[in-house]
$ cat my_file.pdb   # PDB, C-alpha atoms and all ligand atoms
ATOM      1  CA  MET A 103     -12.751   4.368 -18.960  1.00  0.00           C
ATOM      2  CA  THR A 104     -15.323   4.658 -16.162  1.00  0.00           C
ATOM      3  CA  GLY A 105     -14.343   5.528 -12.610  1.00  0.00           C
ATOM      4  CA  LYS A 106     -14.679   3.337  -9.548  1.00  0.00           C
ATOM      5  CA  ARG A 107     -15.653   3.981  -5.937  1.00  0.00           C
ATOM      6  CA  PRO A 108     -12.992   3.284  -3.246  1.00  0.00           C
ATOM      7  CA  SER A 109     -15.374   0.788  -1.642  1.00  0.00           C
ATOM      8  CA  ALA A 110     -15.661  -1.149  -4.926  1.00  0.00           C
ATOM      9  CA  SER A 111     -11.946  -2.003  -4.781  1.00  0.00           C
ATOM     10  CA  GLN A 112     -11.598  -2.442  -1.027  1.00  0.00           C
ATOM     11  CA  ILE A 113      -9.973  -5.716   0.041  1.00  0.00           C
ATOM     12  CA  ARG A 114     -10.437  -7.413   3.415  1.00  0.00           C
ATOM     13  CA  THR A 115      -8.219 -10.368   4.262  1.00  0.00           C
ATOM     14  CA  ALA A 116      -7.382 -12.232   7.462  1.00  0.00           C
ATOM     15  CA  VAL A 117      -4.528 -14.436   8.640  1.00  0.00           C
ATOM     16  CA  LEU A 118      -4.344 -16.791  11.630  1.00  0.00           C
ATOM     17  CA  THR A 119      -0.811 -16.176  12.923  1.00  0.00           C
ATOM     18  CA  GLN A 120       1.371 -19.251  13.495  1.00  0.00           C
ATOM     19  CA  PRO A 121       4.437 -20.148  15.621  1.00  0.00           C
ATOM     20  CA  ASP A 122       6.773 -20.246  12.597  1.00  0.00           C
ATOM     21  CA  GLN A 123       5.989 -16.524  12.008  1.00  0.00           C
ATOM     22  CA  ALA A 124       7.351 -15.433  15.420  1.00  0.00           C
ATOM     23  CA  ASN A 125      10.483 -13.437  16.245  1.00  0.00           C
ATOM     24  CA  PHE A 126      12.715 -14.292  19.203  1.00  0.00           C
ATOM     25  CA  HIS A 127      10.394 -12.348  21.573  1.00  0.00           C
ATOM     26  CA  GLY A 128       7.628 -14.778  20.648  1.00  0.00           C
ATOM     27  CA  ASN A 129       5.576 -12.103  18.856  1.00  0.00           C
ATOM     28  CA  VAL A 130       4.718 -12.115  15.146  1.00  0.00           C
ATOM     29  CA  HIS A 131       7.695 -10.848  13.116  1.00  0.00           C
ATOM     30  CA  GLY A 132       7.113  -7.372  11.660  1.00  0.00           C
ATOM     31  CA  GLY A 133       8.426  -8.488   8.273  1.00  0.00           C
ATOM     32  CA  ASN A 134       5.561 -10.982   7.976  1.00  0.00           C
ATOM     33  CA  ILE A 135       3.053  -8.230   8.760  1.00  0.00           C
ATOM     34  CA  MET A 136       4.652  -6.008   6.095  1.00  0.00           C
ATOM     35  CA  LYS A 137       4.367  -8.800   3.533  1.00  0.00           C
ATOM     36  CA  TRP A 138       0.665  -9.466   4.251  1.00  0.00           C
ATOM     37  CA  LEU A 139      -0.022  -5.716   4.307  1.00  0.00           C
ATOM     38  CA  ASP A 140       1.686  -5.238   0.930  1.00  0.00           C
ATOM     39  CA  GLU A 141      -0.256  -8.176  -0.533  1.00  0.00           C
ATOM     40  CA  ALA A 142      -3.574  -6.718   0.661  1.00  0.00           C
ATOM     41  CA  GLY A 143      -2.657  -3.325  -0.835  1.00  0.00           C
ATOM     42  CA  GLY A 144      -1.607  -4.960  -4.096  1.00  0.00           C
ATOM     43  CA  MET A 145      -4.917  -6.809  -4.356  1.00  0.00           C
ATOM     44  CA  ALA A 146      -6.877  -3.557  -3.881  1.00  0.00           C
ATOM     45  CA  ALA A 147      -4.716  -1.889  -6.558  1.00  0.00           C
ATOM     46  CA  MET A 148      -5.327  -4.788  -8.955  1.00  0.00           C
ATOM     47  CA  ARG A 149      -9.046  -4.686  -8.234  1.00  0.00           C
ATOM     48  CA  HIS A 150      -9.149  -0.923  -8.916  1.00  0.00           C
ATOM     49  CA  SER A 151      -7.035  -1.016 -12.089  1.00  0.00           C
ATOM     50  CA  GLY A 152      -8.059  -4.398 -13.477  1.00  0.00           C
ATOM     51  CA  GLN A 153      -4.338  -4.897 -14.206  1.00  0.00           C
ATOM     52  CA  LEU A 154      -1.256  -6.308 -12.555  1.00  0.00           C
ATOM     53  CA  ALA A 155      -0.002  -3.843  -9.935  1.00  0.00           C
ATOM     54  CA  VAL A 156       3.536  -3.491  -8.589  1.00  0.00           C
ATOM     55  CA  THR A 157       4.590  -1.734  -5.394  1.00  0.00           C
ATOM     56  CA  VAL A 158       6.591   1.420  -6.058  1.00  0.00           C
ATOM     57  CA  PHE A 159       6.575   3.034  -2.574  1.00  0.00           C
ATOM     58  CA  LEU A 160       5.663   1.960   0.960  1.00  0.00           C
ATOM     59  CA  ASP A 161       5.767   4.651   3.611  1.00  0.00           C
ATOM     60  CA  SER A 162       4.496   5.683   7.014  1.00  0.00           C
ATOM     61  CA  MET A 163       4.038   2.147   8.318  1.00  0.00           C
ATOM     62  CA  THR A 164       3.277   2.208  12.028  1.00  0.00           C
ATOM     63  CA  PHE A 165       3.765  -0.624  14.528  1.00  0.00           C
ATOM     64  CA  GLU A 166       1.434   0.387  17.367  1.00  0.00           C
ATOM     65  CA  HIS A 167       1.076  -2.885  19.315  1.00  0.00           C
ATOM     66  CA  PRO A 168       2.841  -6.269  19.230  1.00  0.00           C
ATOM     67  CA  VAL A 169       0.911  -9.188  17.752  1.00  0.00           C
ATOM     68  CA  SER A 170       0.870 -12.474  19.670  1.00  0.00           C
ATOM     69  CA  VAL A 171       1.116 -15.818  17.903  1.00  0.00           C
ATOM     70  CA  GLY A 172      -2.451 -17.134  17.631  1.00  0.00           C
ATOM     71  CA  ASP A 173      -4.009 -13.695  17.113  1.00  0.00           C
ATOM     72  CA  ILE A 174      -6.069 -13.261  13.943  1.00  0.00           C
ATOM     73  CA  LEU A 175      -4.807 -10.347  11.830  1.00  0.00           C
ATOM     74  CA  HIS A 176      -7.341  -8.443   9.729  1.00  0.00           C
ATOM     75  CA  PHE A 177      -6.123  -6.347   6.771  1.00  0.00           C
ATOM     76  CA  THR A 178      -8.313  -3.681   5.143  1.00  0.00           C
ATOM     77  CA  ALA A 179      -6.922  -2.060   2.003  1.00  0.00           C
ATOM     78  CA  THR A 180      -8.728   0.908   0.426  1.00  0.00           C
ATOM     79  CA  PRO A 181      -7.758   3.172  -2.496  1.00  0.00           C
ATOM     80  CA  THR A 182      -7.359   6.804  -1.345  1.00  0.00           C
ATOM     81  CA  TRP A 183      -5.910   8.482  -4.453  1.00  0.00           C
ATOM     82  CA  VAL A 184      -5.148   7.670  -8.064  1.00  0.00           C
ATOM     83  CA  GLY A 185      -3.024   9.431 -10.661  1.00  0.00           C
ATOM     84  CA  ARG A 186      -2.495   8.442 -14.294  1.00  0.00           C
ATOM     85  CA  THR A 187      -0.963   5.008 -13.651  1.00  0.00           C
ATOM     86  CA  SER A 188      -0.325   4.995  -9.882  1.00  0.00           C
ATOM     87  CA  MET A 189      -2.671   4.379  -6.956  1.00  0.00           C
ATOM     88  CA  GLU A 190      -2.263   5.134  -3.249  1.00  0.00           C
ATOM     89  CA  ILE A 191      -3.793   2.503  -0.972  1.00  0.00           C
ATOM     90  CA  LEU A 192      -4.357   2.860   2.786  1.00  0.00           C
ATOM     91  CA  ILE A 193      -3.874  -0.459   4.552  1.00  0.00           C
ATOM     92  CA  GLU A 194      -5.074  -0.838   8.133  1.00  0.00           C
ATOM     93  CA  VAL A 195      -4.323  -3.854  10.312  1.00  0.00           C
ATOM     94  CA  GLU A 196      -6.201  -5.035  13.396  1.00  0.00           C
ATOM     95  CA  LYS A 197      -5.378  -7.951  15.681  1.00  0.00           C
ATOM     96  CA  GLU A 198      -8.229 -10.028  17.086  1.00  0.00           C
ATOM     97  CA  ASN A 199      -8.047 -12.231  20.146  1.00  0.00           C
ATOM     98  CA  PRO A 200      -9.928 -15.275  18.787  1.00  0.00           C
ATOM     99  CA  PHE A 201     -11.205 -16.245  22.263  1.00  0.00           C
ATOM    100  CA  THR A 202     -12.578 -12.855  23.370  1.00  0.00           C
ATOM    101  CA  GLY A 203     -13.174 -11.237  19.974  1.00  0.00           C
ATOM    102  CA  GLN A 204     -11.390  -8.065  21.177  1.00  0.00           C
ATOM    103  CA  ARG A 205      -9.867  -6.114  18.270  1.00  0.00           C
ATOM    104  CA  VAL A 206      -7.052  -3.553  18.411  1.00  0.00           C
ATOM    105  CA  VAL A 207      -5.491  -1.542  15.569  1.00  0.00           C
ATOM    106  CA  THR A 208      -1.838  -2.611  15.274  1.00  0.00           C
ATOM    107  CA  ASN A 209      -0.539  -1.125  12.008  1.00  0.00           C
ATOM    108  CA  LYS A 210      -1.318   1.406   9.289  1.00  0.00           C
ATOM    109  CA  ALA A 211       0.510   2.223   6.097  1.00  0.00           C
ATOM    110  CA  TYR A 212       0.119   4.020   2.818  1.00  0.00           C
ATOM    111  CA  ALA A 213       1.549   2.238  -0.202  1.00  0.00           C
ATOM    112  CA  VAL A 214       1.726   3.251  -3.849  1.00  0.00           C
ATOM    113  CA  TYR A 215       1.221   0.748  -6.657  1.00  0.00           C
ATOM    114  CA  VAL A 216       1.596   1.171 -10.402  1.00  0.00           C
ATOM    115  CA  ALA A 217      -0.592  -0.684 -12.909  1.00  0.00           C
ATOM    116  CA  VAL A 218       1.432  -2.572 -15.511  1.00  0.00           C
ATOM    117  CA  ASP A 219       0.660  -4.827 -18.436  1.00  0.00           C
ATOM    118  CA  GLY A 220       2.194  -8.252 -19.005  1.00  0.00           C
ATOM    119  CA  LYS A 221       5.346  -6.638 -20.429  1.00  0.00           C
ATOM    120  CA  GLY A 222       5.829  -4.311 -17.440  1.00  0.00           C
ATOM    121  CA  ASN A 223       4.633  -1.187 -19.294  1.00  0.00           C
ATOM    122  CA  THR A 224       2.653   1.240 -17.153  1.00  0.00           C
ATOM    123  CA  VAL A 225      -1.111   1.392 -17.819  1.00  0.00           C
ATOM    124  CA  LYS A 226      -3.649   4.168 -17.199  1.00  0.00           C
ATOM    125  CA  VAL A 227      -6.026   3.471 -14.290  1.00  0.00           C
ATOM    126  CA  PRO A 228      -9.705   4.411 -13.780  1.00  0.00           C
ATOM    127  CA  GLU A 229     -10.392   7.593 -11.834  1.00  0.00           C
ATOM    128  CA  LEU A 230     -11.506   7.353  -8.215  1.00  0.00           C
ATOM    129  CA  LEU A 231     -15.130   8.376  -7.700  1.00  0.00           C
ATOM    130  CA  LEU A 232     -15.250  10.253  -4.398  1.00  0.00           C
ATOM    131  CA  GLN A 233     -18.650  10.620  -2.757  1.00  0.00           C
ATOM    132  CA  THR A 234     -17.998  11.363   0.919  1.00  0.00           C
ATOM    133  CA  ALA A 235     -16.183  14.162   2.740  1.00  0.00           C
ATOM    134  CA  ALA A 236     -13.842  11.575   4.286  1.00  0.00           C
ATOM    135  CA  GLU A 237     -12.910  10.193   0.853  1.00  0.00           C
ATOM    136  CA  GLN A 238     -12.241  13.730  -0.429  1.00  0.00           C
ATOM    137  CA  ALA A 239     -10.092  14.506   2.657  1.00  0.00           C
ATOM    138  CA  HIS A 240      -8.014  11.338   2.102  1.00  0.00           C
ATOM    139  CA  PHE A 241      -7.565  12.268  -1.560  1.00  0.00           C
ATOM    140  CA  ASP A 242      -6.507  15.868  -0.786  1.00  0.00           C
ATOM    141  CA  ALA A 243      -4.018  14.748   1.875  1.00  0.00           C
ATOM    142  CA  ALA A 244      -2.592  12.194  -0.556  1.00  0.00           C
ATOM    143  CA  GLU A 245      -1.518  14.983  -2.920  1.00  0.00           C
ATOM    144  CA  ALA A 246       0.942  16.225  -0.273  1.00  0.00           C
ATOM    145  CA  ARG A 247       2.235  12.695   0.383  1.00  0.00           C
ATOM    146  CA  ARG A 248       2.766  12.210  -3.346  1.00  0.00           C
ATOM    147  CA  ALA A 249       4.753  15.469  -3.625  1.00  0.00           C
ATOM    148  CA  TYR A 250       6.952  14.337  -0.722  1.00  0.00           C
ATOM    149  CA  ARG A 251       7.542  10.874  -2.260  1.00  0.00           C
ATOM    150  CA  LEU A 252       8.433  12.322  -5.655  1.00  0.00           C
ATOM    151  CA  SER A 253      10.831  14.800  -4.034  1.00  0.00           C
ATOM    152  CA  LEU A 254      12.546  11.854  -2.281  1.00  0.00           C
ATOM    153  CA  ARG A 255      12.733  10.006  -5.594  1.00  0.00           C
ATOM    154  CA  HIS A 256      14.403  13.000  -7.260  1.00  0.00           C
ATOM    155  CA  LYS A 257      16.845  13.474  -4.359  1.00  0.00           C
ATOM    156  CA  LEU A 258      17.833   9.802  -4.611  1.00  0.00           C
ATOM    157  CA  ASP A 259      18.248  10.077  -8.396  1.00  0.00           C
ATOM    158  CA  ASP A 260      20.408  13.212  -7.934  1.00  0.00           C
ATOM    159  CA  SER A 261      22.638  11.605  -5.297  1.00  0.00           C
ATOM    160  CA  GLN A 262      23.127   8.495  -7.457  1.00  0.00           C
ATOM    161  CA  GLN A 263      24.130  10.697 -10.419  1.00  0.00           C
ATOM    162  CA  ASN A 264      26.611  12.609  -8.214  1.00  0.00           C
ATOM    163  CA  GLU A 265      28.135   9.323  -6.960  1.00  0.00           C
ATOM    164  CA  SER A 266      28.606   8.025 -10.514  1.00  0.00           C
ATOM    165  CA  SER A 267      30.216  11.307 -11.668  1.00  0.00           C
ATOM    166  CA  ASP A 268      32.709  11.357  -8.704  1.00  0.00           C
TER     167      ASP A 268
HETATM  168  C1  LIG A 301       6.789   0.877 -10.921  1.00  0.00           C
HETATM  169  C2  LIG A 301       7.540   1.040 -12.242  1.00  0.00           C
HETATM  170  C3  LIG A 301       6.850   0.227 -13.321  1.00  0.00           C
HETATM  171  C4  LIG A 301       7.433   2.533 -12.592  1.00  0.00           C
HETATM  172  O1  LIG A 301       8.244   2.745 -13.714  1.00  0.00           O
HETATM  173  P1  LIG A 301       8.723   4.225 -14.075  1.00  0.00           P
HETATM  174  O2  LIG A 301       9.595   4.144 -15.260  1.00  0.00           O
HETATM  175  O3  LIG A 301       9.230   4.905 -12.850  1.00  0.00           O
HETATM  176  O4  LIG A 301       7.378   4.857 -14.540  1.00  0.00           O
HETATM  177  P2  LIG A 301       6.913   6.350 -14.404  1.00  0.00           P
HETATM  178  O5  LIG A 301       8.033   7.303 -14.142  1.00  0.00           O
HETATM  179  O6  LIG A 301       6.029   6.595 -15.592  1.00  0.00           O
HETATM  180  O7  LIG A 301       6.006   6.318 -13.093  1.00  0.00           O
HETATM  181  C5  LIG A 301       4.776   5.636 -13.091  1.00  0.00           C
HETATM  182  C6  LIG A 301       3.938   6.200 -11.970  1.00  0.00           C
HETATM  183  O8  LIG A 301       4.551   5.868 -10.729  1.00  0.00           O
HETATM  184  C7  LIG A 301       4.768   7.052  -9.978  1.00  0.00           C
HETATM  185  N1  LIG A 301       5.986   6.883  -9.202  1.00  0.00           N
HETATM  186  C8  LIG A 301       7.188   6.491  -9.662  1.00  0.00           C
HETATM  187  N2  LIG A 301       8.068   6.456  -8.649  1.00  0.00           N
HETATM  188  C9  LIG A 301       7.393   6.826  -7.548  1.00  0.00           C
HETATM  189  C10 LIG A 301       7.753   7.001  -6.185  1.00  0.00           C
HETATM  190  N3  LIG A 301       8.998   6.771  -5.735  1.00  0.00           N
HETATM  191  N4  LIG A 301       6.798   7.399  -5.312  1.00  0.00           N
HETATM  192  C11 LIG A 301       5.535   7.642  -5.728  1.00  0.00           C
HETATM  193  N5  LIG A 301       5.128   7.487  -7.018  1.00  0.00           N
HETATM  194  C12 LIG A 301       6.068   7.098  -7.905  1.00  0.00           C
HETATM  195  C13 LIG A 301       4.881   8.159 -11.019  1.00  0.00           C
HETATM  196  O9  LIG A 301       4.635   9.437 -10.453  1.00  0.00           O
HETATM  197  C14 LIG A 301       3.811   7.738 -11.988  1.00  0.00           C
HETATM  198  O10 LIG A 301       2.540   8.043 -11.459  1.00  0.00           O
HETATM  199  P3  LIG A 301       1.332   8.605 -12.370  1.00  0.00           P
HETATM  200  O11 LIG A 301       1.338   7.840 -13.664  1.00  0.00           O
HETATM  201  O12 LIG A 301       0.094   8.303 -11.573  1.00  0.00           O
HETATM  202  O13 LIG A 301       1.556  10.068 -12.564  1.00  0.00           O
HETATM  203  C15 LIG A 301       9.037   0.623 -12.126  1.00  0.00           C
HETATM  204  O14 LIG A 301       9.690   1.538 -11.267  1.00  0.00           O
HETATM  205  C16 LIG A 301       9.180  -0.777 -11.575  1.00  0.00           C
HETATM  206  O15 LIG A 301       8.958  -1.763 -12.284  1.00  0.00           O
HETATM  207  N6  LIG A 301       9.577  -0.900 -10.289  1.00  0.00           N
HETATM  208  C17 LIG A 301       9.738  -2.191  -9.654  1.00  0.00           C
HETATM  209  C18 LIG A 301       8.428  -2.626  -8.990  1.00  0.00           C
HETATM  210  C19 LIG A 301       8.605  -3.859  -8.164  1.00  0.00           C
HETATM  211  O16 LIG A 301       9.342  -4.735  -8.530  1.00  0.00           O
HETATM  212  N7  LIG A 301       7.932  -3.890  -6.998  1.00  0.00           N
HETATM  213  C20 LIG A 301       8.086  -4.984  -6.051  1.00  0.00           C
HETATM  214  C21 LIG A 301       7.337  -6.223  -6.451  1.00  0.00           C
HETATM  215  S1  LIG A 301       5.614  -5.953  -6.695  1.00  0.00           S
END
$ encode --input "my_file.pdb" --output "structure tokens"
Amino acid sequence: MTGKRPSASQIRTAVLTQPDQANFHGNVHGGNIMKWLDEAGGMAAMRHSGQLAVTVFLDSMTFEHPVSVGDILHFTATPTWVGRTSMEILIEVEKENPFTGQRVVTNKAYAVYVAVDGKGNTVKVPELLLQTAAEQAHFDAAEARRAYRLSLRHKLDDSQQNESSD
């Protein structure tokens, strides 16, 4: 299985935000942004793995600025780390005022996806070919995020076992 560059699997999507996506403040509802962000990340994971990809963890999502109805939202999803079957994707969101062209970063998140076959069995993914210092730095930092996520998973498993044995 040959490796792939992060840029080869990068996904860029855009959405023109609409009135039916607003919350009661009149801004775009954060849940809609999370959905589009997760979809962009999932597409990058599918492009990297060449398989179906399911979300297994979404963390560190920031909401830095509100998004007004009518803004264009740009999503950029880039693989930062891969393991045996899982992939971490960084998804960055920018809003664009369509009249002035001004762009502002509104959200960032790391999400982890797992490649699966049609029966839901996990599938090995290609390695990530890192060529720049920035790509290597993202990859190294991802190792610490992965350790944290797996420790949370084990804590949750332990607490569920304790509840069922009470
Ligand atoms: C994702 C899923 C297939 C993983 O199944 P599993 O039995 O936990 O499989 P494994 O334990 O072999 O884990 C698979 C990979 O996910 C990673 N993983 C599992 N849970 C994780 C977590 N909480 N955080 C980070 N990585 C995790 C494992 O470390 C492993 O990575 P690696 O192969 O790169 O080393 C299963 O949990 C699932 O189907 N979840 C539901 C997904 C879903 O419905 N998402 C929403 C719709 S897309």
$ resolve_selection --input "my_file.pdb" --expression "the PyMOL selection byres (((chain A and resi 155) around 9) and not hetatm)" --output "list in words"
Gly144, Met145, Ala147, Met148, Ser151, Gly152, Gln153, Leu154, Val156, Thr157, Ser188, Tyr215, Val216, Ala217, Val218 and Asp219 of chain A
$ residues_around --input "my_file.pdb" --residues "A:His150" --least-positions-apart "6" --cutoff "12 Å" --atoms "only C-alpha atoms" --output "PDB file with C-alpha atoms, in the coordinates of the input"
ATOM      1  CA  MET A 103     -12.751   4.368 -18.960  1.00  0.00           C
ATOM      2  CA  THR A 104     -15.323   4.658 -16.162  1.00  0.00           C
ATOM      3  CA  GLY A 105     -14.343   5.528 -12.610  1.00  0.00           C
ATOM      4  CA  LYS A 106     -14.679   3.337  -9.548  1.00  0.00           C
ATOM      5  CA  ARG A 107     -15.653   3.981  -5.937  1.00  0.00           C
ATOM      6  CA  PRO A 108     -12.992   3.284  -3.246  1.00  0.00           C
ATOM      7  CA  SER A 109     -15.374   0.788  -1.642  1.00  0.00           C
ATOM      8  CA  ALA A 110     -15.661  -1.149  -4.926  1.00  0.00           C
ATOM      9  CA  SER A 111     -11.946  -2.003  -4.781  1.00  0.00           C
ATOM     10  CA  GLN A 112     -11.598  -2.442  -1.027  1.00  0.00           C
ATOM     11  CA  ILE A 113      -9.973  -5.716   0.041  1.00  0.00           C
ATOM     12  CA  GLY A 143      -2.657  -3.325  -0.835  1.00  0.00           C
ATOM     13  CA  GLY A 144      -1.607  -4.960  -4.096  1.00  0.00           C
ATOM     14  CA  ALA A 179      -6.922  -2.060   2.003  1.00  0.00           C
ATOM     15  CA  THR A 180      -8.728   0.908   0.426  1.00  0.00           C
ATOM     16  CA  PRO A 181      -7.758   3.172  -2.496  1.00  0.00           C
ATOM     17  CA  THR A 182      -7.359   6.804  -1.345  1.00  0.00           C
ATOM     18  CA  TRP A 183      -5.910   8.482  -4.453  1.00  0.00           C
ATOM     19  CA  VAL A 184      -5.148   7.670  -8.064  1.00  0.00           C
ATOM     20  CA  THR A 187      -0.963   5.008 -13.651  1.00  0.00           C
ATOM     21  CA  SER A 188      -0.325   4.995  -9.882  1.00  0.00           C
ATOM     22  CA  MET A 189      -2.671   4.379  -6.956  1.00  0.00           C
ATOM     23  CA  GLU A 190      -2.263   5.134  -3.249  1.00  0.00           C
ATOM     24  CA  ILE A 191      -3.793   2.503  -0.972  1.00  0.00           C
ATOM     25  CA  TYR A 215       1.221   0.748  -6.657  1.00  0.00           C
ATOM     26  CA  VAL A 216       1.596   1.171 -10.402  1.00  0.00           C
ATOM     27  CA  ALA A 217      -0.592  -0.684 -12.909  1.00  0.00           C
ATOM     28  CA  LYS A 226      -3.649   4.168 -17.199  1.00  0.00           C
ATOM     29  CA  VAL A 227      -6.026   3.471 -14.290  1.00  0.00           C
ATOM     30  CA  PRO A 228      -9.705   4.411 -13.780  1.00  0.00           C
ATOM     31  CA  GLU A 229     -10.392   7.593 -11.834  1.00  0.00           C
ATOM     32  CA  LEU A 230     -11.506   7.353  -8.215  1.00  0.00           C
ATOM     33  CA  LEU A 231     -15.130   8.376  -7.700  1.00  0.00           C
TER      34      LEU A 231
END
$ atom_distance --input "my_file.pdb" --atom1 "atom C12 of ligand LIG 301 (chain A)" --atom2 "atom CA of A:Ala211"
15.8 Å
$ residues_near_point --input "my_file.pdb" --point "(2.0, 12.3, -3.1)" --cutoff "12 Å" --atoms "only C-alpha atoms" --output "compact mmCIF listing (two decimals) with C-alpha atoms, keeping the file's coordinate frame"
# COMPACT_ATOMS: atom_id res chain seq x y z
CA PHE A 159 6.58 3.03 -2.57
CA LEU A 160 5.66 1.96 0.96
CA ASP A 161 5.77 4.65 3.61
CA THR A 182 -7.36 6.80 -1.34
CA TRP A 183 -5.91 8.48 -4.45
CA VAL A 184 -5.15 7.67 -8.06
CA GLY A 185 -3.02 9.43 -10.66
CA SER A 188 -0.32 5.00 -9.88
CA MET A 189 -2.67 4.38 -6.96
CA GLU A 190 -2.26 5.13 -3.25
CA ILE A 191 -3.79 2.50 -0.97
CA TYR A 212 0.12 4.02 2.82
CA ALA A 213 1.55 2.24 -0.20
CA VAL A 214 1.73 3.25 -3.85
CA HIS A 240 -8.01 11.34 2.10
CA PHE A 241 -7.56 12.27 -1.56
CA ASP A 242 -6.51 15.87 -0.79
CA ALA A 243 -4.02 14.75 1.88
CA ALA A 244 -2.59 12.19 -0.56
CA GLU A 245 -1.52 14.98 -2.92
CA ALA A 246 0.94 16.23 -0.27
CA ARG A 247 2.24 12.70 0.38
CA ARG A 248 2.77 12.21 -3.35
CA ALA A 249 4.75 15.47 -3.62
CA TYR A 250 6.95 14.34 -0.72
CA ARG A 251 7.54 10.87 -2.26
CA LEU A 252 8.43 12.32 -5.66
CA SER A 253 10.83 14.80 -4.03
CA LEU A 254 12.55 11.85 -2.28
CA ARG A 255 12.73 10.01 -5.59
$ residues_around --input "my_file.pdb" --residues "stretch 126-136 of chain A" --least-positions-apart "6" --cutoff "10 Å" --atoms "all atoms listed in the file" --output "PyMOL selection string"
chain A and resi 117+119-120+142+160+163+165+168-173+175+177+195+208-209+211
$ axis_aligned_box --input "my_file.pdb" --around "ligand LIG 301 (chain A)" --padding-each-side "6 Å" --output "JSON"
{"center_x": 4.9, "center_y": 1.9, "center_z": -10.5, "size_x": 21.6, "size_y": 28.3, "size_z": 22.3}
$ atom_distance --input "my_file.pdb" --atom1 "atom N5 of ligand LIG 301 (chain A)" --atom2 "atom CA of A:Ile193"
16.7 Å
$ closest_residue --input "my_file.pdb" --among "A:Lys257, A:Asp122, A:Arg186, A:Gly203" --to "ligand LIG 301 (chain A)" --atoms "all atoms listed in the file"
A:Arg186
$ atom_distance --input "my_file.pdb" --atom1 "atom CA of A:Ala235" --atom2 "atom O12 of ligand LIG 301 (chain A)"
22.5 Å
$ decode --input "my_file.pdb" --residues "stretch 119-132 of chain A" --atoms "N, CA and C atoms" --output "PDB file, in the first residue's frame"
ATOM      1  N   THR A 119     -24.656  30.301   3.572  1.00  0.00           N
ATOM      2  CA  THR A 119     -25.549  30.102   4.718  1.00  0.00           C
ATOM      3  C   THR A 119     -26.907  30.762   4.464  1.00  0.00           C
ATOM      4  N   GLN A 120     -27.955  30.099   4.999  1.00  0.00           N
ATOM      5  CA  GLN A 120     -29.345  30.459   4.658  1.00  0.00           C
ATOM      6  C   GLN A 120     -30.148  30.785   5.924  1.00  0.00           C
ATOM      7  N   PRO A 121     -31.255  31.512   5.786  1.00  0.00           N
ATOM      8  CA  PRO A 121     -32.059  31.874   6.974  1.00  0.00           C
ATOM      9  C   PRO A 121     -32.539  30.674   7.784  1.00  0.00           C
ATOM     10  N   ASP A 122     -32.856  29.551   7.137  1.00  0.00           N
ATOM     11  CA  ASP A 122     -33.366  28.407   7.914  1.00  0.00           C
ATOM     12  C   ASP A 122     -32.263  27.693   8.707  1.00  0.00           C
ATOM     13  N   GLN A 123     -31.010  28.223   8.625  1.00  0.00           N
ATOM     14  CA  GLN A 123     -29.909  27.630   9.417  1.00  0.00           C
ATOM     15  C   GLN A 123     -29.573  28.509  10.624  1.00  0.00           C
ATOM     16  N   ALA A 124     -30.415  29.527  10.897  1.00  0.00           N
ATOM     17  CA  ALA A 124     -30.095  30.482  11.971  1.00  0.00           C
ATOM     18  C   ALA A 124     -30.592  30.000  13.326  1.00  0.00           C
ATOM     19  N   ASN A 125     -29.947  30.502  14.404  1.00  0.00           N
ATOM     20  CA  ASN A 125     -30.478  30.317  15.753  1.00  0.00           C
ATOM     21  C   ASN A 125     -31.329  31.541  16.108  1.00  0.00           C
ATOM     22  N   PHE A 126     -31.789  31.614  17.353  1.00  0.00           N
ATOM     23  CA  PHE A 126     -32.703  32.730  17.674  1.00  0.00           C
ATOM     24  C   PHE A 126     -31.985  34.073  17.792  1.00  0.00           C
ATOM     25  N   HIS A 127     -30.638  34.087  17.763  1.00  0.00           N
ATOM     26  CA  HIS A 127     -29.904  35.365  17.694  1.00  0.00           C
ATOM     27  C   HIS A 127     -29.827  35.868  16.257  1.00  0.00           C
ATOM     28  N   GLY A 128     -30.183  35.004  15.305  1.00  0.00           N
ATOM     29  CA  GLY A 128     -30.080  35.392  13.902  1.00  0.00           C
ATOM     30  C   GLY A 128     -28.754  35.005  13.273  1.00  0.00           C
ATOM     31  N   ASN A 129     -27.869  34.363  14.075  1.00  0.00           N
ATOM     32  CA  ASN A 129     -26.601  33.869  13.510  1.00  0.00           C
ATOM     33  C   ASN A 129     -26.758  32.403  13.102  1.00  0.00           C
ATOM     34  N   VAL A 130     -25.778  31.903  12.352  1.00  0.00           N
ATOM     35  CA  VAL A 130     -25.850  30.495  11.913  1.00  0.00           C
ATOM     36  C   VAL A 130     -25.669  29.582  13.132  1.00  0.00           C
ATOM     37  N   HIS A 131     -26.549  28.611  13.280  1.00  0.00           N
ATOM     38  CA  HIS A 131     -26.533  27.689  14.413  1.00  0.00           C
ATOM     39  C   HIS A 131     -25.244  26.869  14.410  1.00  0.00           C
ATOM     40  N   GLY A 132     -24.608  26.778  15.593  1.00  0.00           N
ATOM     41  CA  GLY A 132     -23.339  26.054  15.702  1.00  0.00           C
ATOM     42  C   GLY A 132     -23.457  24.592  15.296  1.00  0.00           C
TER      43      GLY A 132
END
